[in-house]
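Asker: This one is target-v5.cif, mmCIF, C-alpha atoms.
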data_entry
loop_
_atom_site.label_atom_id
_atom_site.label_comp_id
_atom_site.auth_asym_id
_atom_site.auth_seq_id
_atom_site.Cartn_x
_atom_site.Cartn_y
_atom_site.Cartn_z
CA MET A 1 77.23 -47.82 215.52
CA PRO A 2 78.54 -44.29 215.13
CA ILE A 3 76.14 -41.61 213.92
CA PHE A 4 76.95 -38.88 211.41
CA MET A 5 74.80 -35.82 210.84
CA ILE A 6 74.98 -34.53 207.27
CA GLY A 7 73.52 -31.58 205.39
CA THR A 8 74.08 -27.82 205.26
CA GLN A 9 74.74 -25.41 208.10
CA ARG A 10 72.00 -23.03 209.28
CA SER A 11 69.52 -25.91 209.22
CA GLY A 12 69.05 -26.60 212.93
CA SER A 13 71.97 -28.97 213.44
CA ASN A 14 73.05 -27.40 216.74
CA LEU A 15 69.52 -27.74 218.05
CA LEU A 16 69.38 -31.39 217.02
CA ARG A 17 72.85 -32.10 218.43
CA LEU A 18 71.86 -30.78 221.83
CA MET A 19 68.66 -32.82 221.79
CA LEU A 20 70.65 -35.99 221.05
CA ASN A 21 73.19 -35.11 223.73
CA GLN A 22 70.39 -35.39 226.28
CA LEU A 23 70.22 -39.13 225.66
CA PRO A 24 72.47 -41.17 227.97
CA GLU A 25 73.25 -43.59 225.14
CA ILE A 26 74.70 -40.91 222.84
CA ALA A 27 77.54 -38.42 223.19
CA ALA A 28 77.08 -35.52 220.78
CA PRO A 29 79.83 -32.96 221.44
CA HIS A 30 80.28 -29.73 219.54
CA PRO A 31 82.26 -30.70 216.41
CA PRO A 32 85.87 -29.68 215.73
CA HIS A 33 85.28 -30.67 212.06
CA ILE A 34 88.16 -33.13 211.95
CA LEU A 35 87.66 -34.63 208.52
CA GLN A 36 86.75 -31.32 206.89
CA ARG A 37 89.87 -29.60 208.20
CA ILE A 38 92.48 -32.35 208.20
CA MET A 39 91.57 -34.53 205.22
CA PRO A 40 92.69 -31.92 202.63
CA LEU A 41 96.15 -31.93 204.26
CA MET A 42 96.65 -35.70 204.30
CA SER A 43 98.85 -35.95 201.23
CA SER A 44 101.46 -33.82 203.01
CA TYR A 45 101.80 -36.07 206.06
CA GLY A 46 103.75 -38.68 204.14
CA ASP A 47 103.74 -42.40 204.82
CA LEU A 48 101.64 -43.03 207.93
CA SER A 49 103.31 -46.38 208.50
CA ASP A 50 106.16 -44.21 209.77
CA ASP A 51 105.54 -43.77 213.51
CA GLU A 52 106.72 -40.16 213.51
CA ASN A 53 104.29 -39.15 210.76
CA PHE A 54 101.34 -40.95 212.31
CA ASN A 55 102.02 -39.66 215.82
CA GLN A 56 102.23 -36.12 214.45
CA LEU A 57 98.83 -36.59 212.79
CA VAL A 58 97.37 -37.90 216.06
CA ASP A 59 98.74 -34.90 217.92
CA ASP A 60 97.39 -32.44 215.34
CA VAL A 61 93.89 -33.93 215.51
CA CYS A 62 93.91 -33.98 219.30
CA LEU A 63 95.07 -30.38 219.43
CA LEU A 64 92.30 -29.39 217.00
CA VAL A 65 89.78 -30.93 219.42
CA GLU A 66 91.37 -29.22 222.41
CA LEU A 67 91.12 -25.83 220.70
CA ASN A 68 87.44 -26.28 219.83
CA PRO A 69 85.37 -23.12 220.55
CA VAL A 70 83.02 -25.22 222.71
CA LEU A 71 85.13 -27.40 225.00
CA TRP A 72 84.65 -31.15 225.27
CA GLU A 73 83.95 -31.07 228.97
CA GLY A 74 85.98 -33.60 230.96
CA VAL A 75 87.67 -35.15 227.91
CA VAL A 76 91.44 -35.68 228.18
CA LEU A 77 93.13 -36.95 225.03
CA ASP A 78 96.17 -39.09 225.76
CA ARG A 79 98.00 -39.31 222.45
CA LYS A 80 99.30 -42.83 222.95
CA ASP A 81 95.86 -44.03 223.98
CA VAL A 82 94.26 -42.42 220.92
CA ALA A 83 96.85 -44.04 218.64
CA ARG A 84 96.28 -47.47 220.23
CA ARG A 85 92.55 -47.21 219.58
CA CYS A 86 93.02 -46.80 215.83
CA LYS A 87 92.36 -49.94 213.78
CA GLU A 88 94.27 -48.42 210.90
CA ARG A 89 96.55 -45.45 210.38
CA SER A 90 94.22 -42.83 208.97
CA VAL A 91 92.58 -39.58 210.00
CA THR A 92 89.21 -41.37 209.89
CA ALA A 93 90.46 -43.82 212.50
CA ILE A 94 91.80 -41.01 214.69
CA HIS A 95 88.44 -39.24 214.36
CA GLY A 96 86.71 -42.37 215.62
CA ALA A 97 89.18 -42.78 218.47
CA VAL A 98 88.75 -39.29 219.92
CA TYR A 99 84.97 -39.55 219.67
CA ASP A 100 85.15 -42.95 221.40
CA VAL A 101 87.03 -41.28 224.26
CA CYS A 102 84.32 -38.62 224.47
CA ALA A 103 81.58 -41.27 224.59
CA GLU A 104 83.38 -43.17 227.34
CA VAL A 105 83.72 -40.02 229.45
CA LYS A 106 79.97 -39.51 229.21
CA GLY A 107 79.27 -43.20 229.77
CA ALA A 108 77.50 -43.38 226.40
CA LEU A 109 77.24 -46.38 224.11
CA THR A 110 77.96 -44.45 220.93
CA TRP A 111 78.47 -40.93 219.56
CA CYS A 112 77.12 -38.53 216.99
CA CYS A 113 79.37 -36.27 214.92
CA LYS A 114 77.57 -33.08 213.89
CA SER A 115 80.12 -31.97 211.33
CA LEU A 116 77.75 -31.63 208.38
CA ALA A 117 80.64 -31.47 205.91
CA ASN A 118 81.13 -35.20 206.53
CA ILE A 119 78.82 -35.60 203.54
CA ASN A 120 82.02 -35.09 201.50
CA TYR A 121 83.80 -37.99 203.20
CA THR A 122 81.21 -40.76 203.24
CA ALA A 123 83.48 -43.07 201.23
CA GLU A 124 86.08 -42.95 203.99
CA ILE A 125 83.41 -43.21 206.69
CA GLU A 126 81.79 -46.23 205.04
CA SER A 127 85.19 -47.88 204.59
CA TYR A 128 86.29 -47.56 208.23
CA PHE A 129 83.20 -47.66 210.43
CA ARG A 130 80.92 -50.64 210.77
CA SER A 131 77.37 -49.81 209.62
CA PRO A 132 77.33 -46.13 210.58
CA LYS A 133 73.99 -44.35 210.61
CA TYR A 134 73.26 -41.00 208.99
CA ILE A 135 70.89 -38.21 209.99
CA TYR A 136 70.23 -36.04 206.97
CA LEU A 137 68.98 -32.69 208.24
CA TYR A 138 67.71 -30.34 205.56
CA ARG A 139 65.93 -27.01 205.37
CA ASP A 140 64.32 -24.89 202.68
CA GLY A 141 67.38 -23.57 200.90
CA ARG A 142 65.95 -20.08 200.58
CA ASP A 143 65.67 -19.83 204.36
CA VAL A 144 69.19 -21.21 204.61
CA ALA A 145 70.31 -18.40 202.31
CA VAL A 146 68.58 -15.78 204.47
CA SER A 147 70.28 -17.21 207.54
CA PHE A 148 73.72 -17.28 205.91
CA SER A 149 73.27 -13.73 204.65
CA LYS A 150 73.11 -12.61 208.30
CA ALA A 151 75.70 -14.99 209.78
CA VAL A 152 79.39 -14.32 210.43
CA VAL A 153 80.40 -17.40 208.41
CA GLY A 154 79.70 -18.79 204.98
CA GLU A 155 78.87 -17.36 201.60
CA LYS A 156 76.67 -14.28 201.42
CA HIS A 157 75.31 -14.03 197.88
CA PHE A 158 72.24 -16.12 197.05
CA TYR A 159 73.94 -17.45 193.91
CA HIS A 160 76.86 -18.93 195.86
CA ILE A 161 74.67 -20.22 198.69
CA ALA A 162 72.31 -21.87 196.20
CA ARG A 163 75.15 -23.68 194.43
CA GLU A 164 76.61 -25.05 197.66
CA TRP A 165 73.21 -25.94 199.09
CA ALA A 166 72.10 -27.78 195.95
CA ALA A 167 75.33 -29.76 195.68
CA THR A 168 75.15 -30.88 199.30
CA GLN A 169 71.52 -31.98 199.09
CA GLU A 170 72.25 -33.92 195.90
CA GLN A 171 75.10 -35.73 197.64
CA ALA A 172 72.87 -36.62 200.59
CA LEU A 173 70.03 -37.87 198.39
CA ALA A 174 72.50 -39.98 196.40
CA LEU A 175 73.82 -41.53 199.62
CA ARG A 176 70.26 -42.34 200.71
CA GLU A 177 69.68 -44.17 197.44
CA LYS A 178 72.94 -46.05 197.82
CA ILE A 179 72.68 -47.34 201.39
CA GLY A 180 68.90 -47.45 201.93
CA LEU A 181 66.68 -46.37 204.81
CA GLU A 182 67.92 -48.84 207.43
CA ARG A 183 70.93 -46.59 208.12
CA PHE A 184 69.62 -43.28 206.80
CA ILE A 185 66.92 -40.96 208.11
CA SER A 186 65.80 -37.65 206.57
CA ILE A 187 64.58 -34.91 208.89
CA SER A 188 63.52 -31.46 207.75
CA TYR A 189 64.10 -28.37 209.84
CA GLU A 190 60.44 -27.56 209.35
CA GLU A 191 59.36 -30.89 210.89
CA LEU A 192 61.86 -30.57 213.71
CA THR A 193 60.72 -27.10 214.76
CA THR A 194 56.98 -27.55 214.14
CA TYR A 195 56.69 -31.02 215.68
CA PRO A 196 59.77 -31.44 217.91
CA ASP A 197 58.23 -34.13 220.12
CA ARG A 198 57.07 -36.30 217.23
CA THR A 199 60.29 -35.80 215.28
CA ALA A 200 62.44 -36.67 218.30
CA ARG A 201 60.45 -39.87 218.84
CA LEU A 202 60.90 -40.89 215.20
CA LEU A 203 64.60 -40.23 215.44
CA CYS A 204 64.96 -42.27 218.64
CA ALA A 205 63.14 -45.18 217.02
CA PHE A 206 65.55 -45.01 214.07
CA LEU A 207 68.57 -44.96 216.42
CA GLY A 208 67.18 -47.72 218.63
CA VAL A 209 67.20 -45.65 221.82
CA THR A 210 64.48 -44.63 224.25
CA PHE A 211 62.89 -41.21 223.78
CA ARG A 212 63.21 -38.94 226.79
CA GLU A 213 61.28 -35.77 227.49
CA SER A 214 64.57 -34.13 228.47
CA MET A 215 65.41 -33.95 224.76
CA LEU A 216 62.99 -31.04 224.51
CA ASP A 217 64.67 -29.27 227.44
CA TYR A 218 68.05 -29.17 225.70
CA HIS A 219 68.17 -25.37 226.05
CA ARG A 220 68.39 -25.62 229.84
CA THR A 221 71.64 -27.60 229.82
CA ASP A 222 75.13 -26.33 230.61
CA GLU A 223 76.23 -27.56 227.18
CA ALA A 224 73.64 -25.31 225.50
CA LYS A 225 74.76 -22.36 227.61
CA ARG A 226 78.42 -22.97 226.70
CA ALA A 227 77.56 -23.08 223.02
CA ALA A 228 75.32 -20.00 223.18
CA THR A 229 78.03 -17.91 224.84
CA SER A 230 80.78 -19.14 222.52
CA SER A 231 79.47 -17.55 219.34
CA ALA A 232 76.62 -15.44 218.03
CA LEU A 233 76.05 -18.28 215.55
CA TRP A 234 74.68 -20.52 218.30
CA ARG A 235 72.92 -17.98 220.50
CA ASN A 236 69.48 -19.45 219.83
CA VAL A 237 70.32 -22.85 221.32
CA ALA A 238 69.81 -21.44 224.83
CA SER A 239 66.13 -20.87 223.96
CA PRO A 240 63.28 -23.33 223.32
CA VAL A 241 62.53 -24.55 219.80
CA MET A 242 61.62 -21.63 217.54
CA LYS A 243 58.32 -22.59 215.94
CA ASN A 244 56.91 -20.76 212.90
CA ASN A 245 60.47 -20.06 211.76
CA SER A 246 59.96 -21.20 208.17
CA ARG A 247 59.49 -19.44 204.82
CA LYS A 248 61.12 -16.35 206.28
CA PHE A 249 62.62 -15.68 202.88
CA LEU A 250 59.26 -14.36 201.67
CA ASN A 251 59.57 -11.39 204.03
CA GLU A 252 63.33 -11.09 204.42
CA ALA A 253 64.71 -11.67 200.93
CA ASP A 254 64.48 -9.64 197.75
CA MET A 255 62.45 -11.27 194.97
CA ARG A 256 65.51 -10.95 192.72
CA ASP A 257 67.58 -13.01 195.15
CA ILE A 258 64.85 -15.62 195.47
CA GLY A 259 64.74 -15.83 191.69
CA ILE A 260 68.50 -16.36 191.56
CA PHE A 261 68.27 -19.13 194.14
CA GLU A 262 65.40 -20.89 192.37
CA SER A 263 67.16 -20.64 189.00
CA VAL A 264 70.25 -22.34 190.46
CA ALA A 265 68.66 -24.82 192.88
CA GLY A 266 65.00 -25.03 191.94
CA HIS A 267 65.29 -28.68 190.92
CA VAL A 268 66.50 -29.59 194.41
CA LEU A 269 63.73 -27.56 196.05
CA ASP A 270 61.33 -29.60 193.92
CA ALA A 271 62.93 -32.90 194.93
CA LEU A 272 62.59 -32.04 198.62
CA GLY A 273 58.98 -30.91 198.29
CA TYR A 274 59.41 -27.15 198.67
CA VAL A 275 57.09 -24.91 196.65
CA ARG A 276 58.73 -22.33 194.40
CA ALA A 277 57.87 -18.67 194.81
CA VAL A 278 59.28 -16.93 191.74
CA ILE A 279 60.73 -19.18 189.03
CA ARG A 280 58.58 -21.88 187.47
CA SER A 281 60.20 -25.20 186.55
CA GLY A 282 61.63 -24.95 183.04
CA THR A 283 62.04 -21.18 183.12
CA GLU A 284 65.27 -21.02 185.13
CA LYS A 285 67.72 -18.34 184.08
CA VAL A 286 71.23 -19.28 182.97
CA PHE A 287 73.61 -16.60 184.24
CA SER A 288 76.31 -15.15 182.03
CA SER A 289 79.98 -15.14 182.97
CA GLU A 290 79.74 -11.37 183.48
CA GLU A 291 76.83 -11.78 185.89
CA ILE A 292 78.69 -14.46 187.83
CA VAL A 293 81.76 -12.22 188.14
CA ALA A 294 79.51 -9.50 189.54
CA PHE A 295 78.02 -12.02 192.00
CA ASP A 296 81.56 -12.99 193.05
CA ASP A 297 82.53 -9.37 193.67
CA GLU A 298 79.42 -8.68 195.73
CA ASN A 299 79.86 -11.90 197.71
CA ARG A 300 83.47 -11.02 198.52
CA ARG A 301 82.60 -7.48 199.53
CA ILE A 302 79.85 -8.58 201.92
CA LYS A 303 82.04 -11.28 203.48
CA GLU A 304 84.78 -8.76 204.17
CA ALA A 305 82.26 -6.39 205.76
CA PHE A 306 80.96 -9.17 208.03
CA ARG A 307 84.48 -10.09 209.08
CA LYS A 308 84.85 -6.63 210.61
CA LEU A 309 81.66 -7.10 212.65
CA ILE A 310 82.67 -10.31 214.40
CA ASP A 311 82.87 -10.03 218.17
CA PRO A 312 86.60 -10.02 219.13
CA ALA A 313 86.18 -12.84 221.67
CA ASP A 314 84.29 -14.92 219.10
CA LEU A 315 86.99 -14.23 216.54
CA MET A 316 89.73 -15.17 219.02
CA ARG A 317 88.11 -18.54 219.71
CA ARG A 318 87.86 -19.25 216.00
CA ASP A 319 91.39 -18.07 215.38
CA LEU A 320 92.77 -20.66 217.82
CA GLN A 321 91.85 -23.45 215.42
CA SER A 322 92.64 -21.33 212.37
CA GLY A 323 96.07 -20.60 213.80
CA LEU A 324 96.69 -24.28 214.37
CA LEU A 325 95.70 -25.20 210.82
CA LYS A 326 97.86 -22.43 209.39
CA ALA A 327 100.84 -23.64 211.40
CA VAL A 328 100.21 -27.26 210.38
CA LYS A 329 100.13 -26.26 206.70
CA GLU A 330 103.36 -24.29 207.06
CA ARG A 331 105.07 -27.15 208.88
CA LEU A 332 103.96 -29.71 206.32
CA ALA A 333 105.05 -27.45 203.48
CA GLN A 334 108.50 -27.23 205.05
CA GLY A 335 108.66 -30.97 205.61
CA ARG A 336 108.96 -30.70 209.37
CA THR A 337 106.91 -33.23 211.35
CA ALA A 338 108.78 -33.61 214.60
CA GLU A 339 108.61 -30.11 216.00
CA ARG A 340 105.29 -28.71 217.20
CA THR A 341 104.97 -25.17 215.94
CA VAL A 342 101.86 -24.19 217.90
CA PRO A 343 101.93 -23.88 221.69
CA ARG A 344 99.06 -25.19 223.76
CA ILE A 345 96.76 -22.24 224.25
CA ALA A 346 94.42 -21.89 227.19
CA PRO A 347 90.79 -21.81 225.99
CA VAL A 348 89.03 -18.46 226.00
CA THR A 349 85.83 -18.20 227.99
CA ALA A 350 83.28 -15.67 226.81
CA SER A 351 81.18 -13.67 229.19
CA PRO A 352 77.42 -14.35 228.86
#
I need this file expressed as structure tokens, please.
Answerer:
Amino acid sequence: MPIFMIGTQRSGSNLLRLMLNQLPEIAAPHPPHILQRIMPLMSSYGDLSDDENFNQLVDDVCLLVELNPVLWEGVVLDRKDVARRCKERSVTAIHGAVYDVCAEVKGALTWCCKSLANINYTAEIESYFRSPKYIYLYRDGRDVAVSFSKAVVGEKHFYHIAREWAATQEQALALREKIGLERFISISYEELTTYPDRTARLLCAFLGVTFRESMLDYHRTDEAKRAATSSALWRNVASPVMKNNSRKFLNEADMRDIGIFESVAGHVLDALGYVRAVIRSGTEKVFSSEEIVAFDDENRRIKEAFRKLIDPADLMRRDLQSGLLKAVKERLAQGRTAERTVPRIAPVTASP
């Protein structure tokens, strides 16, 4: 019974992952985002019934895991072993195989993948895995926008963030309707941070595992420390749950930006039970093509400015995986599958 976390980043997923990783039954490693990064390249790998093509795909996925910014402690990926574990020749099967290895190293019964973008690949997940469970973690989209506006990743303009946030929540809600509540649980960031004990107990009951108080001490673990020192994005995971961390947008966002967000995604805020602050239902603004072009320009400018502010060590860790993906794309474009074009690179360790 594999577990997939779905939703939008900046919603507490790293916090929840570390809490789940405290349970002996579940391995919840930092995600290398296998499906998100490899699935768009699949058409270029050719016929996977060809051993050379499939083995190259296995090697690429394993290397992506090995270059993860937060190492999978103690996990050694033997390519032949990973290939043997696959029940079919697909990237979904390889994903399951490497996570199975991780769970075995920990001595866990199952695993949780925290790659929230898996919401885009639920058809493949449902097709390959037997009765997977989903944890839908969501947060007030306006607070998500505030968080993204200060992060080194993601979109920066409220218009773009609202569009992505709304689309993701709609996908998750549609999945819930499709598969029912037996395999799907919805948890809000606000519940998780305000009532962490109660929320953790509800989650454990859903997963069929025993709640442990250690879940609330996630921030004391070596895994939390490794994550916190790997990127400014995850610095907060080395601290206890941040209570009263909701509706920050009222103090940290411009009313104009809030209005833009509510015009684009107000219907989803309504569906999730969040109260609007600026735009009443039915009065949403429809933006002109000229306004959207201006939003695009501003979004691009801010993203470029943030790129220059990234800590060099943080950027280097991210560039290891980015470099791999770039090389894979170039190799596939040239039709070469036998020769590895990226050397194995020793992981970079950041100073606390």
Asker: Can you pull out the residues contacting A:Asp296? Cut-off 9 Å, using only C-alpha atoms, and skip same-chain residues under 4 positions away; I want them as a list of chain:residue names.
Answerer: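 Final neighbour list, sorted by chain and number: A:His157, A:Tyr159, A:His160, A:Glu291, A:Ile292, A:Arg300, A:Arg301.
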Asker: Any chance you can output those residues with C-alpha atoms as a PDB file, in the coordinates of the input?
Answerer:
ATOM      1  CA  HIS A 157      75.310 -14.030 197.880  1.00  0.00           C
ATOM      2  CA  TYR A 159      73.940 -17.450 193.910  1.00  0.00           C
ATOM      3  CA  HIS A 160      76.860 -18.930 195.860  1.00  0.00           C
ATOM      4  CA  GLU A 291      76.830 -11.780 185.890  1.00  0.00           C
ATOM      5  CA  ILE A 292      78.690 -14.460 187.830  1.00  0.00           C
ATOM      6  CA  ARG A 300      83.470 -11.020 198.520  1.00  0.00           C
ATOM      7  CA  ARG A 301      82.600  -7.480 199.530  1.00  0.00           C
TER       8      ARG A 301
END
Asker: How would you write, as a PyMOL selection string, the residues chosen by the PyMOL selection byres ((chain A and resi 263) around 8) on this structure?
Answerer: chain A and resi 259-262+264-266+279+283-286
Asker: Please enumerate the residues selected by the PyMOL selection byres ((chain A and resi 200-208) around 9) when evaluated against the supplied file, formatted as a list in words.
Answerer: Ile3, Leu16, Met19, Leu20, Lys133, Ile135, Glu182, Arg183, Phe184, Ile185, Ile187, Leu192, Tyr195, Pro196, Asp197, Arg198, Thr199, Val209, Thr210, Phe211, Arg212, Met215 and Leu216 of chain A
Asker: Grab the atom CA of A:Leu23 to atom CA of A:Leu64 distance for me, in Å with one decimal place.
Answerer: 25.6 Å
Asker: From the list A:Ile38, A:Leu309, A:Leu15, A:Val105, which residue is nearest A:Asn118 when using only C-alpha atoms?
Answerer: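 Smallest distance to A:Asn118 is found for A:Ile38.
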Asker: Please indicate the distance in Å from atom CA of A:Ser11 to atom CA of A:Tyr138, rounded to one decimal place.
Answerer: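 Rounded to one decimal, the two atoms are 6.0 Å apart.
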